[in-house]
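J.: First the structure, which I've put down as structure tokens, then a few questions once you've had a look.
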Amino acid sequence: HSFCSINRDNVILLTLKLSEDNDGIIMRFFETKGKETFARVKLTLRRNIKSITLTNVIEEAINSPSEVSNNEFTIKLKPFEVVTVKIKY
């Protein structure tokens with residue numbers, strides 16, 4: 001049983017770590033096949049997600065929080081792109 005599922009086989013989870021400011025969890029995803037992709041990510045954790053924010057590689061917010069429903073969210077990845085999100089509980 002996995003804590004994270006991704007509905008696209010061309011998207012993988014690269015990183016899972018505590019954010020540098022200790023205010024959330026950082027997840028980095030990578031598109032592996034050179035195709036623009038919308039991927040749905042579902043986390044099966046015991047706590048509910050309050051917000052998801054896209055960040056740059058040094059964890060600075062680059063957009064407003066994404067919509068979260070039932071601990072699921074969608075990310076858009078360009079070909080071979082790494083996308084970083086910050087999750088707050």
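Lettering and numbering for the structure tokens are positional, with chains as A, B, ... in the shown order, residues counted from 1 in each chain, and ligands counted from 1 in the shown order.
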I'd like the neighbourhood of Leu14 (chain A) as an mmCIF file with C-alpha atoms, in the first residue's frame, where a residue qualifies if any of its atoms comes within 8 Å (using only C-alpha atoms), though same-chain residues fewer than 5 positions away should be ignored.

T.:
```
data_model
loop_
_atom_site.group_PDB
_atom_site.id
_atom_site.type_symbol
_atom_site.label_atom_id
_atom_site.label_comp_id
_atom_site.auth_asym_id
_atom_site.auth_seq_id
_atom_site.Cartn_x
_atom_site.Cartn_y
_atom_site.Cartn_z
ATOM 1 C CA MET A 27 7.304 16.761 -3.319
ATOM 2 C CA ARG A 28 9.078 16.858 -6.686
ATOM 3 C CA PHE A 29 7.634 15.126 -9.734
ATOM 4 C CA PHE A 30 9.313 14.370 -13.080
#
```

J.: May I have the residues within 10 Å of region 70-81 of chain A as a tab-separated table (two decimals) with N, CA and C atoms, in the first residue's frame, using only C-alpha atoms and disregarding those fewer than 2 positions away in the same chain?

T.:
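Full text of result.tsv as output:
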```tsv
chain	number	residue	atom	x	y	z
A	4	CYS	N	1.30	7.42	-1.86
A	4	CYS	CA	1.12	8.34	-2.98
A	4	CYS	C	0.83	7.54	-4.24
A	5	SER	N	-0.21	7.93	-4.97
A	5	SER	CA	-0.46	7.33	-6.27
A	5	SER	C	-0.57	8.44	-7.31
A	6	ILE	N	-0.07	8.14	-8.50
A	6	ILE	CA	-0.07	9.08	-9.62
A	6	ILE	C	-0.74	8.37	-10.79
A	7	ASN	N	-1.72	9.03	-11.43
A	7	ASN	CA	-2.52	8.36	-12.44
A	7	ASN	C	-1.87	8.32	-13.83
A	10	ASN	N	3.97	8.10	-16.91
A	10	ASN	CA	5.13	8.90	-17.32
A	10	ASN	C	5.50	9.98	-16.29
A	11	VAL	N	4.90	9.93	-15.11
A	11	VAL	CA	5.22	10.88	-14.04
A	11	VAL	C	5.66	10.09	-12.82
A	29	PHE	N	8.09	16.08	-8.74
A	29	PHE	CA	7.63	15.13	-9.73
A	29	PHE	C	8.37	15.36	-11.04
A	30	PHE	N	8.58	14.29	-11.82
A	30	PHE	CA	9.31	14.37	-13.08
A	30	PHE	C	8.53	13.67	-14.18
A	31	GLU	N	8.41	14.33	-15.34
A	31	GLU	CA	7.76	13.74	-16.52
A	31	GLU	C	8.85	13.01	-17.31
A	32	THR	N	8.68	11.71	-17.55
A	32	THR	CA	9.75	10.85	-18.06
A	32	THR	C	9.75	10.56	-19.56
A	33	LYS	N	8.66	10.86	-20.27
A	33	LYS	CA	8.56	10.41	-21.67
A	33	LYS	C	8.48	11.53	-22.70
A	34	GLY	N	8.70	12.76	-22.28
A	34	GLY	CA	8.70	13.87	-23.23
A	34	GLY	C	7.33	14.28	-23.72
A	35	LYS	N	6.30	14.12	-22.87
A	35	LYS	CA	4.94	14.49	-23.24
A	35	LYS	C	4.36	15.45	-22.21
A	36	GLU	N	3.74	16.53	-22.68
A	36	GLU	CA	3.02	17.39	-21.74
A	36	GLU	C	1.91	16.57	-21.10
A	37	THR	N	1.78	16.68	-19.79
A	37	THR	CA	0.90	15.79	-19.04
A	37	THR	C	0.22	16.51	-17.89
A	38	PHE	N	-1.05	16.18	-17.70
A	38	PHE	CA	-1.76	16.54	-16.48
A	38	PHE	C	-1.84	15.26	-15.66
A	39	ALA	N	-1.31	15.31	-14.45
A	39	ALA	CA	-1.29	14.12	-13.59
A	39	ALA	C	-2.08	14.39	-12.33
A	40	ARG	N	-2.86	13.41	-11.93
A	40	ARG	CA	-3.62	13.48	-10.69
A	40	ARG	C	-2.85	12.72	-9.62
A	41	VAL	N	-2.56	13.40	-8.51
A	41	VAL	CA	-1.80	12.81	-7.41
A	41	VAL	C	-2.74	12.63	-6.23
A	42	LYS	N	-2.71	11.44	-5.65
A	42	LYS	CA	-3.53	11.16	-4.47
A	42	LYS	C	-2.62	10.72	-3.34
A	43	LEU	N	-2.76	11.38	-2.20
A	43	LEU	CA	-1.99	11.03	-1.01
A	43	LEU	C	-2.90	10.29	-0.03
A	44	THR	N	-2.43	9.18	0.47
A	44	THR	CA	-3.22	8.40	1.44
A	44	THR	C	-2.57	8.54	2.81
A	45	LEU	N	-2.69	9.73	3.35
A	45	LEU	CA	-2.14	10.04	4.66
A	45	LEU	C	-3.28	10.24	5.64
A	46	ARG	N	-2.98	10.17	6.90
A	46	ARG	CA	-4.03	10.29	7.93
A	46	ARG	C	-4.48	11.71	8.16
A	47	ARG	N	-3.76	12.67	7.63
A	47	ARG	CA	-4.11	14.08	7.81
A	47	ARG	C	-4.61	14.65	6.50
A	48	ASN	N	-5.51	15.63	6.58
A	48	ASN	CA	-6.02	16.28	5.38
A	48	ASN	C	-5.12	17.41	4.95
A	49	ILE	N	-4.94	17.53	3.66
A	49	ILE	CA	-4.12	18.61	3.10
A	49	ILE	C	-4.90	19.91	3.20
A	50	LYS	N	-4.23	20.97	3.68
A	50	LYS	CA	-4.84	22.30	3.73
A	50	LYS	C	-4.60	23.07	2.45
A	51	SER	N	-3.37	22.97	1.90
A	51	SER	CA	-3.06	23.69	0.66
A	51	SER	C	-1.89	23.04	-0.07
A	52	ILE	N	-1.88	23.29	-1.37
A	52	ILE	CA	-0.79	22.87	-2.26
A	52	ILE	C	-0.34	24.11	-2.99
A	54	LEU	N	2.62	25.50	-5.88
A	54	LEU	CA	3.76	25.24	-6.75
A	54	LEU	C	4.91	26.13	-6.31
A	66	SER	N	-2.98	25.37	-5.29
A	66	SER	CA	-3.84	24.59	-6.18
A	66	SER	C	-5.02	24.03	-5.39
A	67	GLU	N	-6.04	23.67	-6.10
A	67	GLU	CA	-7.23	23.09	-5.47
A	67	GLU	C	-6.94	21.67	-5.00
A	68	VAL	N	-7.41	21.36	-3.81
A	68	VAL	CA	-7.25	20.03	-3.24
A	68	VAL	C	-8.63	19.48	-2.91
A	83	VAL	N	8.51	19.32	-11.48
A	83	VAL	CA	7.56	20.23	-10.82
A	83	VAL	C	7.68	19.99	-9.31
A	84	THR	N	7.81	21.10	-8.58
A	84	THR	CA	7.92	21.04	-7.12
A	84	THR	C	6.66	21.61	-6.49
A	85	VAL	N	6.10	20.90	-5.53
A	85	VAL	CA	4.93	21.38	-4.80
A	85	VAL	C	5.22	21.35	-3.30
```

J.: Using CA of Thr15 (chain A) and CA of Phe3 (chain A) as the two end points, give the distance in Å to one decimal.

T.: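 Going from CA of Thr15 (chain A) over to CA of Phe3 (chain A), I get 13.4 Å.
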
J.: My list of candidates is A:Leu13, A:Ser2, A:Lys86, A:Ser69. Which is closest to Asn56 (chain A) when distances are computed with only C-alpha atoms?

T.: A:Lys86

J.: When DSSP works through the backbone of this structure, what residues of chain A end up as strand (DSSP E), shown as number ranges by chain?

T.: A: 4-6, 11-18, 25-31, 37-43, 51-55, 72-77, 82-88

J.: Record the distance separating CA of Tyr89 (chain A) and CA of Arg8 (chain A), expressed in Å with one decimal.

T.: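 About the pair CA of Tyr89 (chain A) and CA of Arg8 (chain A): they are 24.8 Å apart.
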
J.: Rounded to one decimal place, report the CA of Asp21 (chain A)-CA of Ile58 (chain A) distance in Å.

T.: 10.9 Å
